[in-house]
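J.: Contents of run_12.cif (mmCIF, C-alpha atoms) are below:
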data_run
loop_
_atom_site.label_atom_id
_atom_site.label_comp_id
_atom_site.auth_asym_id
_atom_site.auth_seq_id
_atom_site.Cartn_x
_atom_site.Cartn_y
_atom_site.Cartn_z
CA MET A 534 23.01 10.80 33.12
CA GLY A 535 24.48 13.31 35.57
CA ASP A 536 25.93 15.46 32.77
CA SER A 537 24.03 18.75 32.68
CA THR A 538 25.78 20.06 29.57
CA PRO A 539 23.15 21.19 27.06
CA CYS A 540 23.04 19.66 23.61
CA PRO A 541 25.70 21.49 21.55
CA LEU A 542 23.28 21.96 18.65
CA LEU A 543 20.82 23.85 20.82
CA ARG A 544 23.19 25.87 22.99
CA PHE A 545 22.86 29.59 22.19
CA ALA A 546 20.62 28.73 19.27
CA ASP A 547 18.97 31.61 17.43
CA PRO A 548 15.53 30.38 16.23
CA ARG A 549 15.98 32.22 12.92
CA ARG A 550 19.24 30.37 12.31
CA ILE A 551 17.66 27.00 13.11
CA LEU A 552 14.86 27.68 10.62
CA PHE A 553 17.38 28.74 7.94
CA GLU A 554 19.54 25.64 8.56
CA LYS A 555 16.48 23.39 8.45
CA GLU A 556 15.28 24.92 5.16
CA THR A 557 18.77 24.62 3.71
CA ALA A 558 19.03 20.97 4.74
CA VAL A 559 15.60 20.20 3.23
CA SER A 560 16.61 21.98 0.01
CA GLU A 561 19.86 19.99 -0.15
CA ILE A 562 18.02 16.70 0.42
CA SER A 563 15.45 17.59 -2.27
CA ALA A 564 18.21 18.47 -4.71
CA GLN A 565 19.87 15.11 -4.09
CA SER A 566 16.74 12.96 -4.23
CA GLY A 567 14.74 14.85 -6.85
CA PRO A 568 11.29 16.36 -6.63
CA ALA A 569 8.69 14.84 -4.32
CA SER A 570 6.91 13.24 -7.31
CA GLU A 571 10.00 11.09 -7.91
CA ARG A 572 9.97 9.65 -4.41
CA PRO A 573 8.13 6.38 -3.68
CA ILE A 574 4.40 6.82 -3.15
CA PRO A 575 2.85 5.06 -0.13
CA ALA A 576 -0.23 3.04 -1.01
CA THR A 577 -2.17 0.15 0.42
CA ILE A 578 -3.79 -2.99 -0.95
CA ALA A 579 -6.68 -4.86 0.66
CA VAL A 580 -6.17 -8.64 0.75
CA VAL A 581 -9.69 -9.92 1.38
CA LEU A 582 -10.28 -13.63 1.91
CA ARG A 583 -13.69 -15.29 1.76
CA ASP A 584 -13.59 -19.02 2.38
CA ASP A 585 -10.88 -20.31 0.00
CA ARG A 586 -11.14 -17.34 -2.37
CA VAL A 587 -9.44 -13.96 -2.61
CA LEU A 588 -10.87 -10.75 -4.03
CA LEU A 589 -9.05 -9.28 -7.05
CA VAL A 590 -9.70 -6.37 -9.39
CA ARG A 591 -8.52 -5.83 -12.93
CA ARG A 592 -6.76 -2.49 -12.72
CA ALA A 593 -7.86 0.37 -14.97
CA ASN A 594 -4.83 2.59 -14.25
CA PRO A 595 -1.06 2.24 -13.88
CA PRO A 596 0.77 0.62 -12.41
CA ASP A 597 -0.29 -2.67 -14.01
CA ALA A 598 -3.29 -1.40 -15.95
CA GLY A 599 -5.23 -4.39 -17.32
CA ARG A 600 -3.71 -6.83 -14.82
CA TRP A 601 -5.44 -8.46 -11.89
CA GLY A 602 -4.38 -7.39 -8.42
CA PHE A 603 -5.72 -6.46 -5.03
CA PRO A 604 -7.99 -3.47 -4.60
CA GLY A 605 -6.04 -0.51 -3.29
CA GLY A 606 -4.58 2.89 -3.81
CA LYS A 607 -2.75 5.84 -2.36
CA ILE A 608 -2.88 6.60 1.34
CA GLU A 609 -4.34 10.05 1.90
CA ARG A 610 -2.81 12.52 4.32
CA GLY A 611 -3.98 11.81 7.88
CA GLU A 612 -5.37 8.40 6.94
CA THR A 613 -4.13 5.20 8.55
CA ILE A 614 -3.06 2.23 6.44
CA ALA A 615 -6.15 0.32 7.59
CA GLU A 616 -8.49 3.22 6.79
CA ALA A 617 -6.99 3.60 3.33
CA ALA A 618 -7.31 -0.13 2.60
CA ILE A 619 -10.98 -0.21 3.62
CA ARG A 620 -11.78 3.03 1.72
CA GLU A 621 -10.08 1.83 -1.46
CA LEU A 622 -11.76 -1.58 -1.15
CA MET A 623 -15.20 0.04 -0.94
CA GLU A 624 -14.47 2.47 -3.81
CA GLU A 625 -13.21 -0.24 -6.15
CA THR A 626 -15.49 -3.17 -5.26
CA ALA A 627 -18.40 -2.11 -2.95
CA VAL A 628 -17.30 -4.95 -0.62
CA GLN A 629 -17.27 -4.30 3.13
CA ALA A 630 -14.44 -5.75 5.21
CA GLU A 631 -12.54 -5.23 8.43
CA ALA A 632 -8.81 -4.52 8.34
CA GLU A 633 -6.97 -7.03 10.52
CA ALA A 634 -3.21 -6.73 10.12
CA VAL A 635 -0.38 -5.67 7.83
CA LEU A 636 0.89 -8.70 5.90
CA THR A 637 3.85 -7.35 3.96
CA ALA A 638 5.00 -4.52 1.73
CA VAL A 639 5.85 -4.80 -1.95
CA ASP A 640 7.27 -2.46 -4.59
CA ALA A 641 5.29 -1.61 -7.72
CA PHE A 642 7.03 0.18 -10.57
CA ASP A 643 5.08 2.13 -13.19
CA GLN A 644 7.24 2.22 -16.33
CA ASP A 645 6.72 3.84 -19.70
CA ASP A 646 6.94 2.00 -23.04
CA ARG A 647 10.75 2.36 -23.07
CA GLY A 648 11.04 0.88 -19.57
CA ALA A 649 11.87 4.20 -17.88
CA LEU A 650 10.56 4.54 -14.36
CA CYS A 651 7.56 6.88 -14.12
CA ARG A 652 6.47 6.21 -10.54
CA HIS A 653 7.46 3.92 -7.70
CA PHE A 654 4.74 2.78 -5.29
CA ILE A 655 5.29 1.04 -1.97
CA LEU A 656 2.21 -1.13 -1.50
CA ILE A 657 1.40 -2.10 2.08
CA ALA A 658 -0.71 -5.26 2.05
CA MET A 659 -3.46 -5.27 4.67
CA ALA A 660 -5.17 -8.56 5.57
CA CYS A 661 -8.92 -7.96 5.68
CA ARG A 662 -11.86 -10.04 6.88
CA TRP A 663 -14.83 -10.03 4.48
CA ILE A 664 -18.03 -8.77 6.12
CA SER A 665 -20.52 -8.38 3.27
CA GLY A 666 -21.13 -7.54 -0.35
CA GLU A 667 -20.48 -8.97 -3.75
CA PRO A 668 -17.79 -7.33 -5.87
CA VAL A 669 -18.89 -4.70 -8.37
CA ALA A 670 -16.16 -2.92 -10.32
CA GLY A 671 -16.02 0.78 -9.56
CA ASP A 672 -13.60 3.69 -9.42
CA ASP A 673 -10.20 2.40 -10.69
CA ALA A 674 -11.32 -1.18 -11.45
CA LEU A 675 -12.39 -2.64 -14.80
CA GLU A 676 -13.62 -5.87 -13.20
CA ALA A 677 -13.83 -7.32 -9.69
CA ALA A 678 -14.19 -11.00 -8.80
CA TRP A 679 -13.38 -13.75 -6.31
CA PHE A 680 -10.65 -16.22 -7.30
CA SER A 681 -9.58 -19.49 -5.72
CA VAL A 682 -6.24 -18.95 -3.98
CA ALA A 683 -5.11 -22.43 -5.05
CA ASP A 684 -5.83 -21.63 -8.70
CA LEU A 685 -3.67 -18.48 -8.66
CA GLN A 686 -0.57 -20.67 -8.99
CA THR A 687 -1.67 -22.36 -12.20
CA THR A 688 -3.86 -19.81 -13.93
CA ASP A 689 -3.11 -17.92 -17.10
CA LEU A 690 -4.66 -14.87 -15.45
CA ALA A 691 -2.56 -11.73 -16.12
CA MET A 692 -1.70 -10.70 -12.56
CA SER A 693 0.43 -8.03 -10.98
CA PHE A 694 3.75 -9.25 -9.63
CA GLY A 695 3.50 -11.04 -6.27
CA VAL A 696 -0.30 -11.40 -6.11
CA ALA A 697 -0.23 -15.19 -5.62
CA ASP A 698 2.50 -14.93 -2.96
CA VAL A 699 0.66 -12.25 -0.96
CA ALA A 700 -2.59 -14.25 -1.19
CA ARG A 701 -0.75 -17.33 0.16
CA GLN A 702 0.61 -15.24 3.05
CA ALA A 703 -2.94 -14.18 3.92
CA VAL A 704 -4.15 -17.80 3.86
CA ALA A 705 -1.22 -18.90 6.05
CA ARG A 706 -1.93 -16.09 8.51
CA ARG A 707 -5.58 -17.12 8.75
CA ALA A 708 -4.68 -20.82 9.11
CA ALA A 709 -2.33 -19.95 11.98
CA GLY A 710 -5.25 -18.29 13.75
CA ALA A 711 -3.56 -14.90 13.92
CA ALA A 712 -5.55 -12.35 15.86
CA PRO A 713 -6.49 -8.97 14.41
CA CYS A 714 -4.36 -5.99 15.32
CA PRO A 715 -5.60 -4.10 18.37
CA LYS A 716 -7.64 -1.02 17.56
#
For the structure just supplied, provide its representation as structure tokens.

T.:
Amino acid sequence: MGDSTPCPLLRFADPRRILFEKETAVSEISAQSGPASERPIPATIAVVLRDDRVLLVRRANPPDAGRWGFPGGKIERGETIAEAAIRELMEETAVQAEAEAVLTAVDAFDQDDRGALCRHFILIAMACRWISGEPVAGDDALEAAWFSVADLQTTDLAMSFGVADVARQAVARRAAGAAPCPK
């Protein structure tokens, strides 16, 4: 703590050189990892429980077009995970809810007909408390409906990967009496 030697990276630093080195490093990282469109895309899903049922939408767009999953979508710049979940929920279902807590995160891979990766989404599941409204499909949803969480295990419903597991996590969280995240 008593060492007053300045950080060697900042000693005698010319601001123009720092900017050049930063741009070079960013260019090198981009060259190694590919264009920004090839990086995982942060998105959120709203896991809304109402009694013993969970709200699902049949997706109109990839990933998982035609499958049932949670309402959700990309997180916009400057938007919190909770804000994105509530916005997407309203856009896709017209249901009002309150975001309570992050449950988990899951990967969703959008692949072409040959199985090649088109896009990789990181879906952050947000537990939400239903406030009001009946689901009406809108925006990116073909259909929207409530489903019994217990029936998700035995149904022939075409669902996105992990939907039943995430729904069970939300039920377990509620049963444990978990408090909402502080605002």

J.: May I ask which of the residues A:Ala649, A:Ala598, A:Ala711, A:Ile655 is the closest one to A:Asp673, counting only C-alpha atoms?

T.: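 Result for the nearest residue to A:Asp673: A:Ala598.
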
J.: Which of these residues is nearest to A:Pro668, using only C-alpha atoms: A:Ala576, A:Leu690, A:Met623, A:Val628?

T.: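 Among the listed residues, the smallest separation from A:Pro668 belongs to A:Val628.
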
J.: Here is a test: counting all atoms listed in the file, which residue of A:Val704, A:Leu589, A:Leu650, A:Ile657 is nearest to A:Thr637?

T.: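 Distance minimum relative to A:Thr637 lands on A:Ile657.
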
J.: Can you find the residues with an atom no farther than 9 Å from (-14.2, -8.4, -10.2), counting all atoms listed in the file, and report them as a VMD selection string?

T.: chain A and resid 588 to 591 601 626 668 to 670 674 to 679

J.: Edge lengths and centre in Å to one decimal, as JSON, is what I'm after for the box along x, y and z that holds all listed atoms of stretch 633-636 of chain A once 8 Å is added on each side.

T.:
{"center_x": -3.0, "center_y": -7.2, "center_z": 8.2, "size_x": 23.9, "size_y": 19.0, "size_z": 20.6}

J.: Give me the residues within 12 Å of A:Pro575 as a PDB file with C-alpha atoms, keeping the file's coordinate frame, counting all atoms listed in the file and dropping any in the same chain fewer than 2 places off.

T.:
ATOM      1  CA  SER A 570       6.910  13.240  -7.310  1.00  0.00           C
ATOM      2  CA  ARG A 572       9.970   9.650  -4.410  1.00  0.00           C
ATOM      3  CA  PRO A 573       8.130   6.380  -3.680  1.00  0.00           C
ATOM      4  CA  THR A 577      -2.170   0.150   0.420  1.00  0.00           C
ATOM      5  CA  ILE A 578      -3.790  -2.990  -0.950  1.00  0.00           C
ATOM      6  CA  GLY A 605      -6.040  -0.510  -3.290  1.00  0.00           C
ATOM      7  CA  GLY A 606      -4.580   2.890  -3.810  1.00  0.00           C
ATOM      8  CA  LYS A 607      -2.750   5.840  -2.360  1.00  0.00           C
ATOM      9  CA  ILE A 608      -2.880   6.600   1.340  1.00  0.00           C
ATOM     10  CA  GLU A 609      -4.340  10.050   1.900  1.00  0.00           C
ATOM     11  CA  ARG A 610      -2.810  12.520   4.320  1.00  0.00           C
ATOM     12  CA  GLU A 612      -5.370   8.400   6.940  1.00  0.00           C
ATOM     13  CA  THR A 613      -4.130   5.200   8.550  1.00  0.00           C
ATOM     14  CA  ILE A 614      -3.060   2.230   6.440  1.00  0.00           C
ATOM     15  CA  ALA A 617      -6.990   3.600   3.330  1.00  0.00           C
ATOM     16  CA  ALA A 618      -7.310  -0.130   2.600  1.00  0.00           C
ATOM     17  CA  ALA A 638       5.000  -4.520   1.730  1.00  0.00           C
ATOM     18  CA  VAL A 639       5.850  -4.800  -1.950  1.00  0.00           C
ATOM     19  CA  ASP A 640       7.270  -2.460  -4.590  1.00  0.00           C
ATOM     20  CA  ALA A 641       5.290  -1.610  -7.720  1.00  0.00           C
ATOM     21  CA  ARG A 652       6.470   6.210 -10.540  1.00  0.00           C
ATOM     22  CA  HIS A 653       7.460   3.920  -7.700  1.00  0.00           C
ATOM     23  CA  PHE A 654       4.740   2.780  -5.290  1.00  0.00           C
ATOM     24  CA  ILE A 655       5.290   1.040  -1.970  1.00  0.00           C
ATOM     25  CA  LEU A 656       2.210  -1.130  -1.500  1.00  0.00           C
ATOM     26  CA  ILE A 657       1.400  -2.100   2.080  1.00  0.00           C
ATOM     27  CA  ALA A 658      -0.710  -5.260   2.050  1.00  0.00           C
TER      28      ALA A 658
END

J.: When distances are computed from only C-alpha atoms, which of A:Ala660, A:Ala630, A:Leu622, A:Pro595 shows the smallest separation from A:Ala705?

T.: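 Residue with the minimum atom-to-atom distance to A:Ala705: A:Ala660.
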
J.: To one decimal in Å, tell me the separation between atom CA of A:Ala709 and atom CA of A:Ala627.

T.: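 Atom-to-atom, atom CA of A:Ala709 and atom CA of A:Ala627 are spaced 28.3 Å apart.
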
J.: Carefully work through the PyMOL selection byres ((chain A and resi 702) around 12) for this structure and note down the residues it includes, as a ChimeraX atom specification.

T.: /A:580-582,587,634-638,658-660,682,695-701,703-709,711

J.: Go through A:Glu667, A:Met692, A:Arg647, A:Leu685 one by one, measure the shortest atom-to-atom distance of each to A:Pro596 using all atoms listed in the file, and give the residue with the smallest value.

T.: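 Going through A:Glu667, A:Met692, A:Arg647, A:Leu685 one by one, the smallest distance to A:Pro596 is for A:Met692.
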
J.: Work out how far apart atom CA of A:Asp689 and atom CA of A:Asp585 are and give it in Å to one decimal.

T.: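 For atom CA of A:Asp689 relative to atom CA of A:Asp585, the distance reads 18.9 Å.
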
J.: Would you please work out which residue, of A:Ala615, A:Ala691, A:Gln686, A:Asp672, is nearest to A:Gly602 when using all atoms listed in the file?

T.: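 Closest candidate: A:Ala691.
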
J.: State, in Å with one decimal place, the distance from atom CA of A:Arg662 to atom CA of A:Asp684.

T.: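 Atom-to-atom, atom CA of A:Arg662 to atom CA of A:Asp684, that is 20.3 Å.
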